[in-house]
file my_file_7.cif (mmCIF, C-alpha atoms and all ligand atoms)
data_input
#
loop_
_atom_site.label_atom_id
_atom_site.label_comp_id
_atom_site.auth_asym_id
_atom_site.auth_seq_id
_atom_site.Cartn_x
_atom_site.Cartn_y
_atom_site.Cartn_z
CA MET M 1128 0.00 0.00 0.00
CA ALA M 1129 1.46 3.30 -1.10
CA LYS M 1130 1.62 6.16 1.39
CA LEU M 1131 1.56 9.93 1.44
CA HIS M 1132 4.81 10.98 3.13
CA PHE M 1133 5.70 14.41 4.50
CA TYR M 1134 9.26 15.32 5.47
CA TYR M 1135 9.57 18.80 6.89
CA ALA M 1136 12.55 20.91 7.88
CA VAL M 1137 13.64 24.50 8.23
CA MET M 1138 15.50 26.27 5.43
CA GLY M 1139 18.93 24.84 4.84
CA GLY M 1140 17.76 21.65 6.53
CA GLY M 1141 18.69 19.48 3.55
CA LYS M 1142 15.24 18.90 2.04
CA THR M 1143 16.22 19.18 -1.62
CA THR M 1144 19.41 17.19 -1.05
CA SER M 1145 17.37 14.42 0.57
CA LEU M 1146 14.81 14.57 -2.26
CA LEU M 1147 17.53 14.19 -4.91
CA GLN M 1148 19.14 11.35 -2.94
CA THR M 1149 15.74 9.62 -2.82
CA GLU M 1150 15.31 10.17 -6.58
CA TYR M 1151 18.70 8.59 -7.16
CA ASN M 1152 17.91 5.59 -4.95
CA TYR M 1153 14.60 4.89 -6.69
CA SER M 1154 16.07 5.37 -10.19
CA HIS M 1155 18.90 3.02 -9.28
CA GLN M 1156 16.37 0.34 -8.32
CA GLY M 1157 14.56 0.68 -11.65
CA PHE M 1158 11.70 2.92 -10.50
CA LYS M 1159 10.57 5.97 -12.47
CA PRO M 1160 10.52 8.95 -10.13
CA LEU M 1161 8.97 12.28 -11.11
CA ILE M 1162 9.87 15.52 -9.31
CA VAL M 1163 7.22 18.23 -9.10
CA LYS M 1164 7.64 21.78 -7.77
CA PRO M 1165 5.23 24.69 -7.43
CA LYS M 1166 5.70 27.35 -10.09
CA LEU M 1167 5.94 30.49 -8.00
CA ASP M 1168 6.91 33.04 -10.60
CA ASP M 1169 7.60 33.26 -14.30
CA ARG M 1170 10.84 31.37 -14.16
CA GLU M 1171 13.05 31.72 -17.18
CA GLY M 1172 14.43 28.68 -18.90
CA LEU M 1173 11.44 26.41 -18.37
CA GLN M 1174 10.71 24.19 -21.34
CA ASP M 1175 7.09 22.97 -21.37
CA GLY M 1176 7.19 23.35 -17.61
CA TRP M 1177 10.45 21.44 -17.09
CA GLY M 1178 13.38 23.10 -15.38
CA PRO M 1179 16.44 22.34 -13.29
CA ILE M 1180 16.36 21.53 -9.57
CA GLN M 1181 19.46 22.02 -7.44
CA SER M 1182 20.67 21.30 -3.95
CA ARG M 1183 23.44 23.09 -2.09
CA ILE M 1184 25.42 19.89 -1.66
CA LEU M 1185 24.76 17.55 -4.59
CA SER M 1186 25.89 18.38 -8.09
CA GLY M 1187 24.59 17.08 -11.37
CA GLU M 1188 21.63 17.64 -13.64
CA HIS M 1189 18.21 17.05 -12.17
CA LYS M 1190 14.92 18.04 -13.73
CA ALA M 1191 11.65 18.98 -12.09
CA LEU M 1192 8.23 19.74 -13.51
CA TYR M 1193 7.05 23.18 -12.36
CA VAL M 1194 3.27 23.38 -12.01
CA ASP M 1195 0.71 25.96 -10.86
CA HIS M 1196 -1.39 23.31 -9.15
CA ILE M 1197 -1.66 19.52 -8.91
CA ASP M 1198 -3.72 18.26 -11.86
CA VAL M 1199 -3.88 14.48 -11.46
CA ALA M 1200 -5.07 13.82 -15.06
CA GLU M 1201 -2.25 15.97 -16.49
CA LEU M 1202 0.40 14.30 -14.31
CA ARG M 1203 -0.85 10.85 -15.27
CA LYS M 1204 0.16 11.57 -18.88
CA ILE M 1205 3.76 11.22 -17.63
CA ASP M 1206 5.17 7.74 -16.98
CA PHE M 1207 6.15 7.67 -13.28
CA ASN M 1208 5.65 5.37 -10.33
CA ILE M 1209 7.10 7.51 -7.50
CA LEU M 1210 6.19 11.16 -7.05
CA LEU M 1211 8.60 13.50 -5.24
CA VAL M 1212 7.32 16.98 -4.37
CA ASP M 1213 9.68 19.83 -3.48
CA GLU M 1214 8.63 23.08 -1.71
CA VAL M 1215 5.28 21.44 -0.99
CA GLN M 1216 4.33 24.18 1.52
CA PHE M 1217 3.44 26.50 -1.36
CA PHE M 1218 0.68 24.25 -2.71
CA LYS M 1219 -2.94 24.85 -1.68
CA ALA M 1220 -4.98 22.51 0.49
CA ASN M 1221 -6.85 21.12 -2.56
CA ASP M 1222 -3.51 20.34 -4.25
CA ILE M 1223 -2.56 18.25 -1.20
CA VAL M 1224 -5.86 16.37 -1.53
CA ALA M 1225 -4.99 15.79 -5.22
CA LEU M 1226 -1.60 14.37 -4.12
CA SER M 1227 -3.41 12.00 -1.77
CA ASP M 1228 -5.60 10.91 -4.73
CA ILE M 1229 -2.44 9.82 -6.58
CA VAL M 1230 -1.63 7.60 -3.59
CA ASP M 1231 -5.15 6.25 -3.08
CA LYS M 1232 -6.36 5.80 -6.68
CA PHE M 1233 -3.13 4.68 -8.35
CA ASP M 1234 -1.18 3.18 -5.43
CA ILE M 1235 1.78 5.47 -6.21
CA PRO M 1236 3.87 6.68 -3.24
CA VAL M 1237 4.04 10.46 -2.93
CA ILE M 1238 6.97 11.86 -0.94
CA CYS M 1239 6.63 15.54 -0.05
CA TYR M 1240 9.39 17.83 1.25
CA GLY M 1241 8.73 21.27 2.63
CA LEU M 1242 8.84 23.86 5.34
CA LYS M 1243 6.62 23.65 8.37
CA THR M 1244 6.23 27.35 9.17
CA ALA M 1245 6.77 30.73 7.56
CA CYS M 1246 8.88 33.52 9.14
CA ASN M 1247 5.86 34.58 11.20
CA GLY M 1248 5.79 31.18 12.94
CA GLU M 1249 2.49 30.13 11.30
CA LEU M 1250 1.91 26.96 9.28
CA PHE M 1251 1.89 27.21 5.49
CA GLU M 1252 -1.41 26.16 3.88
CA GLY M 1253 0.04 23.08 2.14
CA THR M 1254 1.85 22.06 5.32
CA LYS M 1255 -1.28 22.40 7.44
CA LYS M 1256 -3.18 20.06 5.13
CA LEU M 1257 -0.31 17.56 5.01
CA LEU M 1258 -0.01 17.49 8.80
CA ALA M 1259 -3.73 16.70 8.81
CA ILE M 1260 -3.82 13.92 6.20
CA ALA M 1261 -0.33 12.48 5.50
CA ASP M 1262 0.27 8.81 6.44
CA ASP M 1263 3.88 9.31 7.47
CA ILE M 1264 5.32 12.54 8.92
CA LYS M 1265 8.97 13.05 9.80
CA GLU M 1266 10.98 16.02 10.96
CA MET M 1267 14.45 16.53 9.47
CA LYS M 1268 16.40 18.23 12.24
CA HIS M 1269 18.62 21.27 11.83
CA ILE M 1270 20.72 23.20 14.34
CA CYS M 1271 20.45 26.85 15.45
CA LYS M 1272 23.62 28.93 15.91
CA CYS M 1273 23.19 28.45 19.69
CA GLY M 1274 23.21 24.64 19.33
CA ALA M 1275 19.48 24.13 20.02
CA LYS M 1276 17.14 22.64 17.42
CA ALA M 1277 16.19 25.19 14.76
CA ASN M 1278 12.48 25.29 14.09
CA MET M 1279 11.84 28.91 13.01
CA HIS M 1280 13.06 31.39 10.41
CA LEU M 1281 14.30 34.95 10.43
CA ARG M 1282 14.09 36.86 7.16
CA TYR M 1283 16.56 39.55 6.17
CA ILE M 1284 16.01 42.03 3.36
CA ASN M 1285 19.22 43.69 2.20
CA GLY M 1286 20.83 42.43 5.39
CA LYS M 1287 18.21 44.01 7.70
CA LEU M 1288 15.88 41.86 9.80
CA ASP M 1289 12.32 41.93 8.44
CA LYS M 1290 9.99 41.86 11.44
CA SER M 1291 6.84 42.47 9.39
CA LEU M 1292 5.46 38.96 10.10
CA ASN M 1293 4.33 38.71 6.47
CA PRO M 1294 4.37 35.03 5.47
CA ILE M 1295 6.23 35.96 2.28
CA ALA M 1296 8.63 38.84 1.60
CA VAL M 1297 6.74 41.97 0.57
CA GLU M 1298 9.57 44.50 0.66
CA LYS M 1299 11.88 44.47 -2.35
CA GLY M 1300 15.54 43.60 -2.03
CA GLU M 1301 17.94 40.74 -1.58
CA THR M 1302 16.18 38.27 0.70
CA THR M 1303 18.05 35.82 2.90
CA TYR M 1304 16.90 33.54 5.68
CA GLU M 1305 18.35 32.23 8.91
CA SER M 1306 17.03 29.09 10.58
CA VAL M 1307 16.96 29.54 14.34
CA CYS M 1308 15.43 28.10 17.51
CA ARG M 1309 12.34 29.69 19.05
CA LYS M 1310 14.33 31.40 21.79
CA CYS M 1311 16.75 33.05 19.33
CA TRP M 1312 13.78 34.01 17.09
CA LYS M 1313 12.06 35.82 19.96
CA LYS M 1314 15.30 37.51 21.04
CA ALA M 1315 16.01 38.80 17.51
CA MET M 1316 12.45 40.06 17.02
CA GLU M 1317 12.41 41.82 20.41
CA GLU M 1318 15.83 43.42 20.01
CA ASN M 1319 14.85 44.89 16.69
CA SER M 1320 11.52 46.23 17.91
CA ARG M 1321 13.13 48.67 20.33
ZN ZN M 1401 19.06 29.38 19.13
#

call {"tool": "encode", "arguments": {"input": "my_file_7.cif", "output": "structure tokens", "more": "lines below"}}
Ligand SMILES: [Zn+2]
result
Amino acid sequence: MAKLHFYYAVMGGGKTTSLLQTEYNYSHQGFKPLIVKPKLDDREGLQDGWGPIQSRILSGEHKALYVDHIDVAELRKIDFNILLVDEVQFFKANDIVALSDIVDKFDIPVICYGLKTACNGELFEGTKKLLAIADDIKEMKHICKCGAKANMHLRYINGKLDKSLNPIAVEKGETTYESVCRKCWKKAMEENSR
């Protein structure tokens, strides 16, 4: 019986690296994995929706299908028997239900990787639905600069802490993120509010 899996981590927690490792393992065993990612903006270089996917650690060419939403009939036109989903937090609740349909109707395992919470400490929509309905949920642990477990994010725009609590960056500029523990998150947000 196939399952709907959800592996969550903070940024820099090795999600894409783990996804690509999983793709490699399945391919090596003769399976046909398909990688799907949400299409967040008009990415250049996509060819019929296909584009590269990269991890910070692994090299090599990997391709993902970038989609606006999960259309089961469209996906079924592609020959795959394992579905890997990157950045799953950005999908809507009904997309997560569609992913569960792939598991339940076609007995194809779906392995989702994503963030648990946004910089404001709230669950993403896709994550919330996955936590509700996934068969298998695992946390991939990452370490804060203080040595505690990192489970939150700080967002910096042009090097300055963004304490707006917007789930996504609104202000323009170079955006970077730091994965921190709850205590360090509170400390940073309080220091910068004075
Ligand atoms: Zn910390």

call {"tool": "atom_distance", "arguments": {"input": "my_file_7.cif", "atom1": "CA of Gln1148 in chain M", "atom2": "CA of Lys1219 in chain M"}}
result
25.9 Å

call {"tool": "residues_near_ligand", "arguments": {"input": "my_file_7.cif", "ligand": "ligand ZN 1401 (chain M)", "cutoff": "9 Å", "atoms": "only C-alpha atoms and all ligand atoms", "output": "NGL selection string"}}
result
:M and (1270-1277 or 1306-1312)

call {"tool": "write_last_selection", "arguments": {"input": "my_file_7.cif", "atoms": "C-alpha atoms", "output": "PDB file, in the coordinates of the input"}}
result
ATOM      1  CA  ILE M1270      20.720  23.200  14.340  1.00  0.00           C
ATOM      2  CA  CYS M1271      20.450  26.850  15.450  1.00  0.00           C
ATOM      3  CA  LYS M1272      23.620  28.930  15.910  1.00  0.00           C
ATOM      4  CA  CYS M1273      23.190  28.450  19.690  1.00  0.00           C
ATOM      5  CA  GLY M1274      23.210  24.640  19.330  1.00  0.00           C
ATOM      6  CA  ALA M1275      19.480  24.130  20.020  1.00  0.00           C
ATOM      7  CA  LYS M1276      17.140  22.640  17.420  1.00  0.00           C
ATOM      8  CA  ALA M1277      16.190  25.190  14.760  1.00  0.00           C
ATOM      9  CA  SER M1306      17.030  29.090  10.580  1.00  0.00           C
ATOM     10  CA  VAL M1307      16.960  29.540  14.340  1.00  0.00           C
ATOM     11  CA  CYS M1308      15.430  28.100  17.510  1.00  0.00           C
ATOM     12  CA  ARG M1309      12.340  29.690  19.050  1.00  0.00           C
ATOM     13  CA  LYS M1310      14.330  31.400  21.790  1.00  0.00           C
ATOM     14  CA  CYS M1311      16.750  33.050  19.330  1.00  0.00           C
ATOM     15  CA  TRP M1312      13.780  34.010  17.090  1.00  0.00           C
TER      16      TRP M1312
END

call {"tool": "atom_distance", "arguments": {"input": "my_file_7.cif", "atom1": "CA of Lys1256 in chain M", "atom2": "CA of Gln1216 in chain M"}}
result
9.3 Å

call {"tool": "closest_residue", "arguments": {"input": "my_file_7.cif", "among": "M:Lys1268, M:Lys1232, M:Lys1299, M:Arg1282", "to": "Ala1245 in chain M", "atoms": "only C-alpha atoms"}}
result
M:Arg1282

call {"tool": "closest_residue", "arguments": {"input": "my_file_7.cif", "among": "M:Met1316, M:Val1224, M:Ala1200, M:Met1267", "to": "Thr1144 in chain M", "atoms": "only C-alpha atoms"}}
result
M:Met1267

call {"tool": "closest_residue", "arguments": {"input": "my_file_7.cif", "among": "M:Lys1287, M:His1280, M:Lys1142, M:His1155", "to": "Lys1313 in chain M", "atoms": "all atoms listed in the file"}}
result
M:His1280

call {"tool": "atom_distance", "arguments": {"input": "my_file_7.cif", "atom1": "CA of Lys1190 in chain M", "atom2": "CA of Met1128 in chain M"}}
result
27.1 Å

call {"tool": "closest_residue", "arguments": {"input": "my_file_7.cif", "among": "M:Lys1243, M:Ala1261, M:Asp1213, M:Ile1205", "to": "Lys1130 in chain M", "atoms": "only C-alpha atoms"}}
result
M:Ala1261

call {"tool": "residues_around", "arguments": {"input": "my_file_7.cif", "residues": "range 1161-1167 of chain M", "least_positions_apart": "6", "cutoff": "7 Å", "atoms": "only C-alpha atoms", "output": "ChimeraX atom specification"}}
result
/M:1191-1196,1207,1209-1214,1217-1218

call {"tool": "write_last_selection", "arguments": {"input": "my_file_7.cif", "atoms": "C-alpha atoms", "output": "compact mmCIF listing (two decimals), in the coordinates of the input"}}
result
# COMPACT_ATOMS: atom_id res chain seq x y z
CA ALA M 1191 11.65 18.98 -12.09
CA LEU M 1192 8.23 19.74 -13.51
CA TYR M 1193 7.05 23.18 -12.36
CA VAL M 1194 3.27 23.38 -12.01
CA ASP M 1195 0.71 25.96 -10.86
CA HIS M 1196 -1.39 23.31 -9.15
CA PHE M 1207 6.15 7.67 -13.28
CA ILE M 1209 7.10 7.51 -7.50
CA LEU M 1210 6.19 11.16 -7.05
CA LEU M 1211 8.60 13.50 -5.24
CA VAL M 1212 7.32 16.98 -4.37
CA ASP M 1213 9.68 19.83 -3.48
CA GLU M 1214 8.63 23.08 -1.71
CA PHE M 1217 3.44 26.50 -1.36
CA PHE M 1218 0.68 24.25 -2.71

call {"tool": "closest_residue", "arguments": {"input": "my_file_7.cif", "among": "M:Val1199, M:Leu1146, M:Leu1226, M:Val1215", "to": "Gln1181 in chain M", "atoms": "all atoms listed in the file"}}
result
M:Leu1146

call {"tool": "residues_around", "arguments": {"input": "my_file_7.cif", "residues": "Pro1160 in chain M", "least_positions_apart": "6", "cutoff": "10 Å", "atoms": "only C-alpha atoms", "output": "list in words"}}
result
Thr1149, Glu1150, Tyr1151, Asn1152, Tyr1153, Ser1154, Asp1206, Phe1207, Asn1208, Ile1209, Leu1210, Leu1211, Pro1236 and Val1237 of chain M

call {"tool": "closest_residue", "arguments": {"input": "my_file_7.cif", "among": "M:Lys1204, M:Thr1303, M:Leu1147, M:Ser1227", "to": "His1189 in chain M", "atoms": "all atoms listed in the file"}}
result
M:Leu1147

call {"tool": "residues_around", "arguments": {"input": "my_file_7.cif", "residues": "His1269 in chain M", "least_positions_apart": "5", "cutoff": "8 Å", "atoms": "all atoms listed in the file", "output": "list of chain:residue names"}}
result
M:Ala1136, M:Val1137, M:Gly1139, M:Gly1140, M:Lys1276, M:Ala1277, M:Asn1278

call {"tool": "residues_around", "arguments": {"input": "my_file_7.cif", "residues": "Ile1197 in chain M", "least_positions_apart": "4", "cutoff": "8 Å", "atoms": "only C-alpha atoms", "output": "short mmCIF file (atom, residue, chain, number, x, y, z; two decimals) with C-alpha atoms, keeping the file's coordinate frame"}}
result
data_model
loop_
_atom_site.label_atom_id
_atom_site.label_comp_id
_atom_site.auth_asym_id
_atom_site.auth_seq_id
_atom_site.Cartn_x
_atom_site.Cartn_y
_atom_site.Cartn_z
CA LEU M 1202 0.40 14.30 -14.31
CA ASP M 1222 -3.51 20.34 -4.25
CA ILE M 1223 -2.56 18.25 -1.20
CA ALA M 1225 -4.99 15.79 -5.22
CA LEU M 1226 -1.60 14.37 -4.12
#

call {"tool": "axis_aligned_box", "arguments": {"input": "my_file_7.cif", "around": "range 1279-1294 of chain M", "padding_each_side": "3 Å", "output": "lines of an AutoDock Vina configuration file"}}
result
center_x = 12.6
center_y = 36.5
center_z = 7.6
size_x = 22.5
size_y = 21.1
size_z = 16.8

call {"tool": "decode", "arguments": {"input": "my_file_7.cif", "residues": "range 1267-1292 of chain M", "atoms": "N, CA, C and O atoms", "output": "CSV table (one decimal), in the first residue's frame"}}
result
chain,number,residue,atom,x,y,z
M,1267,MET,N,13.0,16.6,9.7
M,1267,MET,CA,14.4,16.5,9.5
M,1267,MET,C,15.1,17.6,10.3
M,1267,MET,O,14.8,18.8,10.1
M,1268,LYS,N,15.9,17.3,11.3
M,1268,LYS,CA,16.4,18.2,12.2
M,1268,LYS,C,17.6,19.1,11.7
M,1268,LYS,O,18.4,18.6,10.9
M,1269,HIS,N,17.6,20.3,12.2
M,1269,HIS,CA,18.6,21.3,11.8
M,1269,HIS,C,19.0,22.1,13.1
M,1269,HIS,O,18.2,22.2,14.0
M,1270,ILE,N,20.2,22.6,13.1
M,1270,ILE,CA,20.7,23.2,14.3
M,1270,ILE,C,20.8,24.7,14.2
M,1270,ILE,O,21.2,25.3,13.2
M,1271,CYS,N,20.3,25.4,15.3
M,1271,CYS,CA,20.4,26.9,15.4
M,1271,CYS,C,21.9,27.2,15.8
M,1271,CYS,O,22.7,26.4,16.3
M,1272,LYS,N,22.3,28.5,15.6
M,1272,LYS,CA,23.6,28.9,15.9
M,1272,LYS,C,24.0,28.7,17.4
M,1272,LYS,O,25.1,28.6,17.7
M,1273,CYS,N,22.9,28.6,18.3
M,1273,CYS,CA,23.2,28.4,19.7
M,1273,CYS,C,23.3,27.0,20.1
M,1273,CYS,O,23.6,26.6,21.2
M,1274,GLY,N,23.1,26.1,19.1
M,1274,GLY,CA,23.2,24.6,19.3
M,1274,GLY,C,21.9,24.0,19.6
M,1274,GLY,O,21.8,22.7,19.6
M,1275,ALA,N,20.8,24.7,19.8
M,1275,ALA,CA,19.5,24.1,20.0
M,1275,ALA,C,18.9,23.7,18.7
M,1275,ALA,O,19.5,24.1,17.6
M,1276,LYS,N,17.8,23.0,18.7
M,1276,LYS,CA,17.1,22.6,17.4
M,1276,LYS,C,16.5,23.9,16.8
M,1276,LYS,O,15.8,24.6,17.4
M,1277,ALA,N,16.8,24.1,15.5
M,1277,ALA,CA,16.2,25.2,14.8
M,1277,ALA,C,14.8,24.8,14.3
M,1277,ALA,O,14.6,23.7,13.7
M,1278,ASN,N,13.8,25.6,14.6
M,1278,ASN,CA,12.5,25.3,14.1
M,1278,ASN,C,11.7,26.5,13.6
M,1278,ASN,O,10.6,26.5,13.3
M,1279,MET,N,12.5,27.7,13.5
M,1279,MET,CA,11.8,28.9,13.0
M,1279,MET,C,12.8,29.6,12.1
M,1279,MET,O,14.0,29.3,11.9
M,1280,HIS,N,12.2,30.6,11.4
M,1280,HIS,CA,13.1,31.4,10.4
M,1280,HIS,C,13.0,32.9,10.7
M,1280,HIS,O,12.0,33.4,11.0
M,1281,LEU,N,14.2,33.5,10.5
M,1281,LEU,CA,14.3,35.0,10.4
M,1281,LEU,C,14.5,35.3,9.0
M,1281,LEU,O,15.3,34.7,8.3
M,1282,ARG,N,13.9,36.4,8.5
M,1282,ARG,CA,14.1,36.9,7.2
M,1282,ARG,C,14.8,38.2,7.2
M,1282,ARG,O,14.5,39.1,8.0
M,1283,TYR,N,15.8,38.3,6.3
M,1283,TYR,CA,16.6,39.5,6.2
M,1283,TYR,C,16.4,40.1,4.8
M,1283,TYR,O,16.4,39.3,3.8
M,1284,ILE,N,16.1,41.4,4.7
M,1284,ILE,CA,16.0,42.0,3.4
M,1284,ILE,C,17.1,43.1,3.3
M,1284,ILE,O,17.2,44.0,4.1
M,1285,ASN,N,18.0,42.9,2.3
M,1285,ASN,CA,19.2,43.7,2.2
M,1285,ASN,C,20.0,43.7,3.5
M,1285,ASN,O,20.5,44.8,4.0
M,1286,GLY,N,20.1,42.6,4.2
M,1286,GLY,CA,20.8,42.4,5.4
M,1286,GLY,C,20.1,42.9,6.7
M,1286,GLY,O,20.7,42.7,7.8
M,1287,LYS,N,18.9,43.5,6.5
M,1287,LYS,CA,18.2,44.0,7.7
M,1287,LYS,C,17.1,43.1,8.1
M,1287,LYS,O,16.3,42.6,7.2
M,1288,LEU,N,16.9,42.8,9.4
M,1288,LEU,CA,15.9,41.9,9.8
M,1288,LEU,C,14.5,42.4,9.4
M,1288,LEU,O,14.2,43.6,9.7
M,1289,ASP,N,13.7,41.6,8.8
M,1289,ASP,CA,12.3,41.9,8.4
M,1289,ASP,C,11.4,41.4,9.5
M,1289,ASP,O,11.2,40.2,9.7
M,1290,LYS,N,10.9,42.3,10.4
M,1290,LYS,CA,10.0,41.9,11.4
M,1290,LYS,C,8.5,42.1,11.1
M,1290,LYS,O,7.7,42.3,12.0
M,1291,SER,N,8.2,42.2,9.8
M,1291,SER,CA,6.8,42.5,9.4
M,1291,SER,C,5.8,41.4,9.7
M,1291,SER,O,4.6,41.6,9.7
M,1292,LEU,N,6.3,40.1,9.9
M,1292,LEU,CA,5.5,39.0,10.1
M,1292,LEU,C,4.6,38.6,8.9
M,1292,LEU,O,3.6,37.9,9.0
